[in-house]
$ cat start07.cif   # mmCIF, C-alpha atoms
data_coords
#
loop_
_atom_site.group_PDB
_atom_site.id
_atom_site.type_symbol
_atom_site.label_atom_id
_atom_site.label_comp_id
_atom_site.auth_asym_id
_atom_site.auth_seq_id
_atom_site.Cartn_x
_atom_site.Cartn_y
_atom_site.Cartn_z
ATOM 1 C CA MET C 455 88.617 96.366 64.909
ATOM 2 C CA PHE C 456 89.059 95.038 61.416
ATOM 3 C CA SER C 457 86.467 94.793 58.644
ATOM 4 C CA ILE C 458 85.490 92.150 56.117
ATOM 5 C CA GLY C 459 87.446 92.732 52.916
ATOM 6 C CA GLU C 460 90.583 94.085 54.604
ATOM 7 C CA LYS C 461 93.947 92.508 53.964
ATOM 8 C CA VAL C 462 96.207 91.944 56.965
ATOM 9 C CA VAL C 463 99.570 90.418 57.706
ATOM 10 C CA TYR C 464 98.924 87.660 60.220
ATOM 11 C CA GLY C 465 101.973 86.486 62.140
ATOM 12 C CA ALA C 466 104.115 84.120 60.101
ATOM 13 C CA TYR C 467 101.164 83.171 57.877
ATOM 14 C CA GLY C 468 101.644 86.165 55.599
ATOM 15 C CA VAL C 469 99.032 88.287 53.879
ATOM 16 C CA MET C 470 95.471 87.197 54.568
ATOM 17 C CA ASP C 471 92.015 88.433 53.528
ATOM 18 C CA ILE C 472 89.382 88.913 56.214
ATOM 19 C CA VAL C 473 86.536 87.093 54.505
ATOM 20 C CA ASP C 474 84.024 86.893 57.344
ATOM 21 C CA MET C 475 83.299 87.477 61.018
ATOM 22 C CA ARG C 476 81.195 84.733 62.529
ATOM 23 C CA ASP C 477 80.117 83.085 65.739
ATOM 24 C CA VAL C 478 81.488 79.582 66.190
ATOM 25 C CA ALA C 479 80.721 77.125 68.976
ATOM 26 C CA PHE C 480 83.601 75.111 70.419
ATOM 27 C CA ASP C 481 83.178 73.143 73.662
ATOM 28 C CA ASP C 482 79.673 74.556 74.226
ATOM 29 C CA ARG C 483 81.043 78.110 74.164
ATOM 30 C CA ILE C 484 80.171 80.534 71.385
ATOM 31 C CA ARG C 485 82.894 82.994 70.396
ATOM 32 C CA ARG C 486 83.151 85.565 67.630
ATOM 33 C CA TYR C 487 85.975 84.973 65.117
ATOM 34 C CA TYR C 488 87.686 86.734 62.269
ATOM 35 C CA VAL C 489 87.805 84.320 59.337
ATOM 36 C CA LEU C 490 91.019 84.707 57.339
ATOM 37 C CA CYS C 491 92.015 83.190 54.005
ATOM 38 C CA GLU C 492 95.491 83.296 52.552
ATOM 39 C CA VAL C 493 95.807 85.729 49.649
ATOM 40 C CA GLY C 494 96.619 83.782 46.490
ATOM 41 C CA GLY C 495 96.897 80.527 48.405
ATOM 42 C CA ASN C 496 94.767 77.546 49.317
ATOM 43 C CA PHE C 497 91.278 78.986 48.986
ATOM 44 C CA GLY C 498 89.654 76.074 50.796
ATOM 45 C CA SER C 499 91.610 76.774 53.960
ATOM 46 C CA GLU C 500 90.378 79.192 56.628
ATOM 47 C CA THR C 501 92.127 80.518 59.712
ATOM 48 C CA LEU C 502 89.902 81.445 62.647
ATOM 49 C CA VAL C 503 91.118 84.196 64.962
ATOM 50 C CA PRO C 504 89.092 84.678 68.168
ATOM 51 C CA MET C 505 88.115 88.342 68.388
ATOM 52 C CA ASP C 506 88.209 88.295 72.205
ATOM 53 C CA ASN C 507 91.840 87.102 72.369
ATOM 54 C CA GLU C 508 93.927 90.283 72.223
ATOM 55 C CA THR C 509 97.206 88.358 72.124
ATOM 56 C CA VAL C 510 96.209 86.562 68.924
ATOM 57 C CA VAL C 511 94.433 89.570 67.366
ATOM 58 C CA SER C 512 97.565 91.680 68.010
ATOM 59 C CA GLN C 513 99.354 89.462 65.479
ATOM 60 C CA MET C 514 97.055 90.849 62.765
ATOM 61 C CA LYS C 515 98.686 93.945 61.253
ATOM 62 C CA ARG C 516 97.122 96.219 58.660
ATOM 63 C CA LEU C 517 99.018 96.497 55.397
ATOM 64 C CA LEU C 518 100.916 99.741 55.090
ATOM 65 C CA THR C 519 99.813 102.321 52.549
ATOM 66 C CA PRO C 520 102.432 103.420 50.006
ATOM 67 C CA ASP C 521 102.995 106.633 52.005
ATOM 68 C CA GLU C 522 103.390 104.702 55.262
ATOM 69 C CA MET C 523 105.852 102.330 53.596
ATOM 70 C CA THR C 524 107.883 105.238 52.223
ATOM 71 C CA ALA C 525 107.993 106.813 55.696
ATOM 72 C CA ALA C 526 109.065 103.487 57.263
ATOM 73 C CA ILE C 527 111.865 103.101 54.708
ATOM 74 C CA ARG C 528 113.076 106.642 55.392
ATOM 75 C CA GLU C 529 113.042 106.015 59.134
ATOM 76 C CA ALA C 530 114.885 102.704 58.738
ATOM 77 C CA LYS C 531 117.556 104.383 56.588
ATOM 78 C CA ALA C 532 118.111 106.960 59.338
ATOM 79 C CA GLN C 533 118.746 104.283 61.966
ATOM 80 C CA THR C 534 122.064 102.593 62.628
ATOM 81 C CA GLU C 535 122.462 99.075 61.265
ATOM 82 C CA LEU C 536 122.377 96.254 63.775
ATOM 83 C CA PRO C 537 125.797 95.009 64.883
ATOM 84 C CA TRP C 538 126.541 91.561 63.475
ATOM 85 C CA MET C 539 126.065 88.756 65.989
ATOM 86 C CA PRO C 540 128.605 85.974 65.372
ATOM 87 C CA ASP C 541 126.623 83.423 67.429
ATOM 88 C CA ASN C 542 124.191 81.804 64.959
ATOM 89 C CA ARG C 543 121.650 80.828 67.621
ATOM 90 C CA ALA C 544 121.636 84.229 69.301
ATOM 91 C CA ARG C 545 121.311 85.922 65.910
ATOM 92 C CA ALA C 546 118.424 83.649 64.869
ATOM 93 C CA GLU C 547 116.617 84.273 68.161
ATOM 94 C CA HIS C 548 117.094 88.012 67.794
ATOM 95 C CA PHE C 549 115.759 87.932 64.226
ATOM 96 C CA LYS C 550 112.710 85.923 65.385
ATOM 97 C CA THR C 551 112.049 88.489 68.113
ATOM 98 C CA VAL C 552 112.270 91.382 65.658
ATOM 99 C CA ILE C 553 109.912 89.673 63.202
ATOM 100 C CA ALA C 554 107.459 88.695 65.957
ATOM 101 C CA SER C 555 107.354 92.311 67.151
ATOM 102 C CA GLY C 556 105.677 93.351 63.900
ATOM 103 C CA ASP C 557 107.650 96.626 64.016
ATOM 104 C CA ARG C 558 108.041 97.334 60.315
ATOM 105 C CA VAL C 559 110.908 99.812 60.812
ATOM 106 C CA ALA C 560 112.847 97.340 62.982
ATOM 107 C CA ILE C 561 112.288 94.620 60.370
ATOM 108 C CA LEU C 562 113.587 96.910 57.618
ATOM 109 C CA VAL C 563 116.664 97.785 59.711
ATOM 110 C CA MET C 564 117.263 94.064 60.268
ATOM 111 C CA ILE C 565 116.965 93.342 56.531
ATOM 112 C CA ARG C 566 119.345 96.172 55.711
ATOM 113 C CA SER C 567 121.817 94.883 58.309
ATOM 114 C CA ILE C 568 121.806 91.391 56.836
#

$ encode --input "start07.cif" --output "structure tokens"
Amino acid sequence: MFSIGEKVVYGAYGVMDIVDMRDVAFDDRIRRYYVLCEVGGNFGSETLVPMDNETVVSQMKRLLTPDEMTAAIREAKAQTELPWMPDNRARAEHFKTVIASGDRVAILVMIRSI
């Protein structure tokens, strides 16, 4: 569960502020939503994330604390770099999969490998 005022990384959208949690009616069904706004972006734009959809909510990741980031960097340094994939499409698909996983250590290893 997230709280109003928290900053999260939301999928490919980047860093977002949770500005509200509200009930919204679509198609005669009322659902509870996280209301996200892009940090430093278009302040008139809101992204609604249904709180009962675990697949979508799982794309919301808390920002790491400085200590957590330091630990992730140390762990990434200890891991072997990814072998280079000469096939551009296969490499792009692999990179998309790593990014979509939200695994910060795997993303750092990928960046280091590039």

$ closest_residue --input "start07.cif" --among "C:Val478, C:Val510, C:Val462, C:Met505" --to "Cys491 (chain C)" --atoms "all atoms listed in the file"
C:Val462

$ residues_around --input "start07.cif" --residues "region 552-565 of chain C" --least-positions-apart "4" --cutoff "10 Å" --atoms "only C-alpha atoms" --output "list in words"
Val463, Tyr464, Gly465, Ala466, Ser512, Gln513, Met514, Lys515, Leu518, Met523, Ala525, Ala526, Ile527, Arg528, Glu529, Ala530, Lys531, Ala532, Gln533, Thr534, Glu535, Leu536, Pro537, Ala546, Glu547 and His548 of chain C

$ resolve_selection --input "start07.cif" --expression "the PyMOL selection byres ((chain C and resi 493) around 8)" --output "PyMOL selection string"
chain C and resi 469-471+491-492+494-495

$ closest_residue --input "start07.cif" --among "C:Ile568, C:Phe480, C:Ile472, C:Thr551" --to "Arg516 (chain C)" --atoms "only C-alpha atoms"
C:Ile472

$ closest_residue --input "start07.cif" --among "C:Val473, C:Leu517, C:Val503, C:Ile458" --to "Tyr487 (chain C)" --atoms "only C-alpha atoms"
C:Val503

$ closest_residue --input "start07.cif" --among "C:Ser567, C:Met455, C:Arg543, C:Asp474" --to "Glu508 (chain C)" --atoms "all atoms listed in the file"
C:Met455

$ atom_distance --input "start07.cif" --atom1 "CA of Lys461 (chain C)" --atom2 "CA of Leu490 (chain C)"
9.0 Å

$ closest_residue --input "start07.cif" --among "C:Pro504, C:Glu522, C:Gly459, C:Pro540" --to "Arg483 (chain C)" --atoms "all atoms listed in the file"
C:Pro504

$ atom_distance --input "start07.cif" --atom1 "CA of Val489 (chain C)" --atom2 "CA of Leu502 (chain C)"
4.9 Å

$ residues_near_point --input "start07.cif" --point "(80.6, 83.7, 64.3)" --cutoff "8 Å" --atoms "all atoms listed in the file" --output "list in words"
Met475, Arg476, Asp477, Val478, Ile484, Arg485, Arg486, Tyr487 and Tyr488 of chain C

$ atom_distance --input "start07.cif" --atom1 "CA of Thr509 (chain C)" --atom2 "CA of Arg545 (chain C)"
25.0 Å

$ decode --input "start07.cif" --residues "region 510-522 of chain C" --atoms "all heavy atoms" --output "short mmCIF file (atom, residue, chain, number, x, y, z; two decimals), in the first residue's frame"
data_model
loop_
_atom_site.label_atom_id
_atom_site.label_comp_id
_atom_site.auth_asym_id
_atom_site.auth_seq_id
_atom_site.Cartn_x
_atom_site.Cartn_y
_atom_site.Cartn_z
N VAL C 510 -1.03 -3.95 -12.49
CA VAL C 510 -0.71 -2.54 -12.76
C VAL C 510 -0.03 -1.92 -11.54
O VAL C 510 0.96 -1.20 -11.69
CB VAL C 510 -1.99 -1.76 -13.16
CG1 VAL C 510 -1.69 -0.31 -13.41
CG2 VAL C 510 -2.61 -2.38 -14.40
N VAL C 511 -0.53 -2.20 -10.35
CA VAL C 511 0.07 -1.64 -9.13
C VAL C 511 1.51 -2.15 -8.96
O VAL C 511 2.37 -1.42 -8.48
CB VAL C 511 -0.79 -1.97 -7.88
CG1 VAL C 511 -0.07 -1.58 -6.60
CG2 VAL C 511 -2.13 -1.26 -7.97
N SER C 512 1.79 -3.38 -9.42
CA SER C 512 3.15 -3.92 -9.29
C SER C 512 4.16 -3.14 -10.11
O SER C 512 5.37 -3.25 -9.90
CB SER C 512 3.19 -5.40 -9.69
OG SER C 512 3.03 -5.55 -11.08
N GLN C 513 3.69 -2.32 -11.05
CA GLN C 513 4.59 -1.48 -11.83
C GLN C 513 5.01 -0.22 -11.07
O GLN C 513 5.89 0.51 -11.51
CB GLN C 513 3.93 -1.08 -13.15
CG GLN C 513 3.69 -2.24 -14.07
CD GLN C 513 3.02 -1.82 -15.35
OE1 GLN C 513 3.23 -0.71 -15.85
NE2 GLN C 513 2.21 -2.68 -15.91
N MET C 514 4.38 0.03 -9.93
CA MET C 514 4.74 1.17 -9.08
C MET C 514 5.82 0.70 -8.11
O MET C 514 5.60 -0.21 -7.32
CB MET C 514 3.51 1.66 -8.29
CG MET C 514 2.44 2.27 -9.16
SD MET C 514 0.89 2.64 -8.28
CE MET C 514 1.42 3.64 -6.92
N LYS C 515 6.99 1.30 -8.19
CA LYS C 515 8.12 0.93 -7.34
C LYS C 515 8.51 2.12 -6.47
O LYS C 515 8.65 3.23 -6.97
CB LYS C 515 9.33 0.52 -8.18
CG LYS C 515 9.05 -0.56 -9.21
CD LYS C 515 8.90 -1.89 -8.57
CE LYS C 515 8.77 -2.94 -9.67
NZ LYS C 515 8.14 -4.14 -9.25
N ARG C 516 8.70 1.86 -5.19
CA ARG C 516 9.18 2.92 -4.30
C ARG C 516 10.57 3.36 -4.73
O ARG C 516 11.36 2.56 -5.23
CB ARG C 516 9.25 2.40 -2.87
CG ARG C 516 7.90 2.31 -2.24
CD ARG C 516 8.00 2.00 -0.74
NE ARG C 516 6.72 2.18 -0.10
CZ ARG C 516 5.71 1.32 -0.19
NH1 ARG C 516 5.84 0.22 -0.89
NH2 ARG C 516 4.56 1.57 0.42
N LEU C 517 10.87 4.63 -4.53
CA LEU C 517 12.23 5.12 -4.80
C LEU C 517 13.15 4.53 -3.75
O LEU C 517 12.78 4.35 -2.59
CB LEU C 517 12.27 6.65 -4.73
CG LEU C 517 11.46 7.41 -5.78
CD1 LEU C 517 11.68 8.91 -5.62
CD2 LEU C 517 11.83 6.98 -7.18
N LEU C 518 14.35 4.22 -4.16
CA LEU C 518 15.33 3.68 -3.22
C LEU C 518 15.89 4.80 -2.34
O LEU C 518 16.08 5.93 -2.80
CB LEU C 518 16.49 3.02 -3.98
CG LEU C 518 16.14 1.81 -4.84
CD1 LEU C 518 17.41 1.30 -5.54
CD2 LEU C 518 15.50 0.71 -4.04
N THR C 519 16.19 4.45 -1.10
CA THR C 519 16.87 5.38 -0.21
C THR C 519 18.33 5.43 -0.64
O THR C 519 18.80 4.53 -1.36
CB THR C 519 16.79 4.92 1.26
OG1 THR C 519 17.52 3.69 1.39
CG2 THR C 519 15.35 4.75 1.71
N PRO C 520 19.09 6.41 -0.20
CA PRO C 520 20.52 6.44 -0.54
C PRO C 520 21.24 5.15 -0.11
O PRO C 520 22.07 4.63 -0.86
CB PRO C 520 21.04 7.66 0.21
CG PRO C 520 19.86 8.58 0.25
CD PRO C 520 18.68 7.66 0.47
N ASP C 521 20.92 4.63 1.06
CA ASP C 521 21.56 3.38 1.52
C ASP C 521 21.18 2.20 0.64
O ASP C 521 22.03 1.35 0.32
CB ASP C 521 21.20 3.09 2.97
CG ASP C 521 21.87 4.03 3.96
OD1 ASP C 521 22.86 4.69 3.58
OD2 ASP C 521 21.39 4.11 5.11
N GLU C 522 19.92 2.13 0.25
CA GLU C 522 19.48 1.04 -0.64
C GLU C 522 20.15 1.15 -2.01
O GLU C 522 20.53 0.14 -2.60
CB GLU C 522 17.95 1.07 -0.80
CG GLU C 522 17.20 0.68 0.44
CD GLU C 522 15.71 0.96 0.37
OE1 GLU C 522 15.29 1.90 -0.34
OE2 GLU C 522 14.96 0.22 1.04
#
